[in-house]
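J.: For reference, the structure I am asking about is given below.
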Amino acid sequence: MSREPILRAEGLQVVFQSEESRLEALQEASFSILPNEFVCIIGPSGCGKSTLLRVLGGLVAPTRGRVHLDGRPLTGPEARIGFVFQQHNLMPWRTALENVCLPLELQGVARTVAKDRAREMLALVGLAKFANALPRELSGGMRQRVALARELVYDPDVLLLDEPFGALDALTREQMDWELLRIWSARQKTVVMVTHDIQEAIYLSDRVLTMSPGPGRIAGDVAIDLARPRKVDDLYSPRFAELTRLLRGSLH
Ligand SMILES: Nc1ncnc2c1ncn2[C@@H]1O[C@H](COP(=O)(O)OP(=O)(O)OP(=O)(O)O)[C@@H](O)[C@H]1O
Ligand SMILES: [Mg+2]
């Protein structure tokens, strides 16, 4: 059965232009993402990953090309698309619960309903006990989980994640990856995630897009044919090693 893509990038180019400089952050990107797919985008620092993700989220308008969401041109941010940034942007004076409530409050959802849903999302990311904590009282990993809960609370179909766990230590990141896979399979989301970690990309994805250094282009599109659910032992399988080599080759 063929499925229609939920997201389609068509000849995307992004040029940042000022009076004294012109920088082509994205040269050309065309690809499709299917509903419920988990796709990672990987590439060296500065190759345009965040820029590409912002275009997919309707946060940056491309200089050329277009993004289609369910076949319709994307013209700006949409409630169907959630975005978790490289650095969390929680409000420091609001508790975890109040931060997660915020998108619902902005939508005019009744306070008690919003609080119930926010509590449910905090439980989903394993933070039920920290509802009343302020961001500064949480660890880095916990803050990123609150940021994730805040995006999940309005139930977007697509989650765009820009190195959400990039600033965390390797062990915490591994744990967060597990949580993310659990949420993804329980909630039937489409996920596009930027990372610079080849193993993380393979471990999580159905497909990995690789980007070449500036100006950014999509250099490779590699299907990850490891069975689901993924297991820790997959990391040591011959196929995992083969895929790692393949992706490394595609990046250089
Ligand atoms: N708003 C902006 N104005 C001007 N130049 C920008 C802007 N945003 C990004 N750039 C430039 O575009 C290029 C790509 O940046 P981008 O943040 O997309 O890279 P990245 O692949 O996400 O890097 P990293 O892995 O370090 O996060 C860089 O050269 C950057 O300096
Ligand atoms: Mg980036």
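Chain labels follow the order of the structure tokens: the first chain is A, the next B, and so on; residue numbering restarts at 1 in every chain, and ligands are counted from 1 in their shown order.
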Hey, which residues come within 10 Å of ligand 2 if we count only C-alpha atoms and all ligand atoms? Could you give them as a list in words?

T.: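 I would give the residues around ligand 2 as Gly43, Pro44, Ser45, Gly46, Cys47, Gly48, Lys49, Ser50, Thr51, Leu52, Leu53, Arg54, Phe85, Gln86, Gln87, Asp162, Glu163, Gly166, Val194, Thr195 and His196 of chain A.
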
J.: How would you write, as a ChimeraX atom specification, the set of residues in stretch 16-82 of chain A that DSSP gives as strand (DSSP E or B)?

T.: /A:16-17,22-33,38-42,64-69,72-73,81-82

J.: Restrict the selected residues to C-alpha atoms and save them as a CSV table (one decimal), in the first residue's frame.

T.:
chain,number,residue,atom,x,y,z
A,16,PHE,CA,20.6,34.7,4.5
A,17,GLN,CA,21.2,38.1,3.0
A,22,ARG,CA,25.2,36.7,1.5
A,23,LEU,CA,25.1,33.2,3.0
A,24,GLU,CA,23.6,30.2,1.3
A,25,ALA,CA,22.6,28.0,4.4
A,26,LEU,CA,20.7,25.5,2.3
A,27,GLN,CA,21.4,24.9,-1.4
A,28,GLU,CA,18.8,22.3,-2.3
A,29,ALA,CA,16.7,19.9,-0.3
A,30,SER,CA,14.0,17.7,-1.7
A,31,PHE,CA,12.5,14.7,0.1
A,32,SER,CA,9.3,13.2,1.5
A,33,ILE,CA,8.4,12.0,4.9
A,38,PHE,CA,10.9,8.4,12.2
A,39,VAL,CA,13.5,10.2,10.1
A,40,CYS,CA,16.8,11.6,11.4
A,41,ILE,CA,18.8,14.3,9.6
A,42,ILE,CA,22.5,14.1,10.2
A,64,ARG,CA,13.2,29.1,-3.1
A,65,GLY,CA,11.1,25.9,-3.0
A,66,ARG,CA,8.2,24.9,-0.8
A,67,VAL,CA,7.1,22.6,2.0
A,68,HIS,CA,3.8,20.7,1.7
A,69,LEU,CA,1.9,19.4,4.7
A,72,ARG,CA,-1.0,21.7,1.1
A,73,PRO,CA,1.7,24.4,1.0
A,81,ILE,CA,3.6,20.6,14.0
A,82,GLY,CA,5.5,20.6,17.3

J.: Please run DSSP on the backbone and report, as an MDAnalysis selection string, all residues within stretch 81-225 of chain A that come out as alpha helix (DSSP H).

T.: chainID A and resid 96:106 111:124 140:152 170:187 198:204

J.: Per residue of stretch 188-228 of chain A within 12 Å of stretch 241-252 of chain A, record the nearest atom pair and its distance in Å to one decimal, counting only C-alpha atoms, with rows in chain order and ascending residue number, as a Markdown table.

T.:
| residue | atom | partner | partner_atom | distance |
| --- | --- | --- | --- | --- |
| A:His196 | CA | A:Leu251 | CA | 10.6 |
| A:Asp197 | CA | A:Thr244 | CA | 10.3 |
| A:Ile198 | CA | A:Thr244 | CA | 6.6 |
| A:Gln199 | CA | A:Thr244 | CA | 6.9 |
| A:Glu200 | CA | A:Thr244 | CA | 10.2 |
| A:Ala201 | CA | A:Thr244 | CA | 9.5 |
| A:Ile202 | CA | A:Leu243 | CA | 7.4 |
| A:Tyr203 | CA | A:Thr244 | CA | 10.2 |
| A:Ser205 | CA | A:Leu243 | CA | 11.7 |
| A:Arg207 | CA | A:Leu243 | CA | 11.0 |
| A:Val208 | CA | A:Leu247 | CA | 8.3 |
| A:Leu209 | CA | A:Leu247 | CA | 9.1 |
| A:Thr210 | CA | A:Leu251 | CA | 6.4 |
| A:Met211 | CA | A:Leu251 | CA | 6.9 |
| A:Ser212 | CA | A:Leu251 | CA | 6.3 |
| A:Pro213 | CA | A:Leu251 | CA | 8.6 |
| A:Gly216 | CA | A:Leu251 | CA | 11.8 |
| A:Arg217 | CA | A:Leu251 | CA | 11.1 |
| A:Ile218 | CA | A:Leu251 | CA | 10.0 |
| A:Ala219 | CA | A:Ser250 | CA | 6.8 |
| A:Gly220 | CA | A:Ser250 | CA | 6.1 |
| A:Asp221 | CA | A:Ser250 | CA | 9.0 |
| A:Val222 | CA | A:Leu247 | CA | 7.5 |
| A:Ala223 | CA | A:Leu243 | CA | 9.1 |
| A:Ile224 | CA | A:Leu243 | CA | 7.5 |
| A:Asp225 | CA | A:Leu243 | CA | 9.1 |
| A:Leu226 | CA | A:Leu243 | CA | 9.7 |

J.: Tell me, in Å to one decimal, how far atom CA of A:Leu235 is from atom 19 (O, counted along the ligand's line) of ligand 1.

T.: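 Taking atom CA of A:Leu235 as the start and atom 19 (O, counted along the ligand's line) of ligand 1 as the end point, the length is 27.7 Å.
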
J.: Do you know which residues are at most 7 Å from stretch 97-114 of chain A counting only C-alpha atoms, after dropping those on the same chain fewer than 5 positions away, and could you put them as a list of chain:residue names?

T.: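 So, after excluding close chain neighbours, the residues are A:Leu90, A:Met91, A:Arg119, A:Ala131, A:Asn132, A:Val146, A:Ala149, A:Arg150, A:Val153, A:Tyr154.
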
J.: Smallest atom-to-atom distance to ligand 1: which of A:Leu59, A:Thr75, A:Trp184, A:Leu171, using only C-alpha atoms and all ligand atoms?

T.: A:Leu59

J.: For A:Pro135, work out the shell of residues within 9 Å, counting only C-alpha atoms and skipping chain neighbours fewer than 6 positions away, then give it as a CSV table (one decimal) with N, CA and C atoms, in the first residue's frame.

T.:
chain,number,residue,atom,x,y,z
A,90,LEU,N,12.0,27.1,28.0
A,90,LEU,CA,11.0,27.1,29.1
A,90,LEU,C,11.0,28.5,29.7
A,91,MET,N,9.8,28.9,30.2
A,91,MET,CA,9.7,30.1,31.0
A,91,MET,C,10.2,29.9,32.4
A,92,PRO,N,11.2,30.6,32.8
A,92,PRO,CA,11.9,30.3,34.1
A,92,PRO,C,11.0,30.5,35.3
A,93,TRP,N,10.0,31.4,35.2
A,93,TRP,CA,9.2,31.7,36.4
A,93,TRP,C,8.0,30.8,36.4
A,94,ARG,N,7.8,29.9,35.5
A,94,ARG,CA,6.6,29.0,35.5
A,94,ARG,C,7.1,27.6,35.9
A,95,THR,N,6.3,26.9,36.6
A,95,THR,CA,6.6,25.5,37.0
A,95,THR,C,6.5,24.7,35.7
A,96,ALA,N,7.0,23.4,35.9
A,96,ALA,CA,7.0,22.5,34.8
A,96,ALA,C,5.5,22.4,34.3
A,142,MET,N,15.8,16.7,32.3
A,142,MET,CA,14.5,16.9,32.7
A,142,MET,C,13.9,18.1,32.0
A,143,ARG,N,14.7,19.2,31.9
A,143,ARG,CA,14.1,20.4,31.2
A,143,ARG,C,13.8,20.0,29.7
A,146,VAL,N,10.5,18.3,29.7
A,146,VAL,CA,9.4,19.3,29.9
A,146,VAL,C,9.1,19.9,28.5

J.: Which residues come within 12 Å of A:Asp169, counting only C-alpha atoms, excluding same-chain residues fewer than 6 positions away, as a list of chain:residue names?

T.: A:Ser139, A:Gly140, A:Gly141, A:Gln175, A:Met176

J.: Would you please work out which residue, of A:Leu159, A:Leu168, A:Met193, A:Leu181, is nearest to ligand 1 when using only C-alpha atoms and all ligand atoms?

T.: A:Met193

J.: If you count only C-alpha atoms, which residues fall within 8 Å of A:His88, apart from same-chain ones fewer than 4 positions away, as a ChimeraX atom specification?

T.: /A:84,143-144,147,164
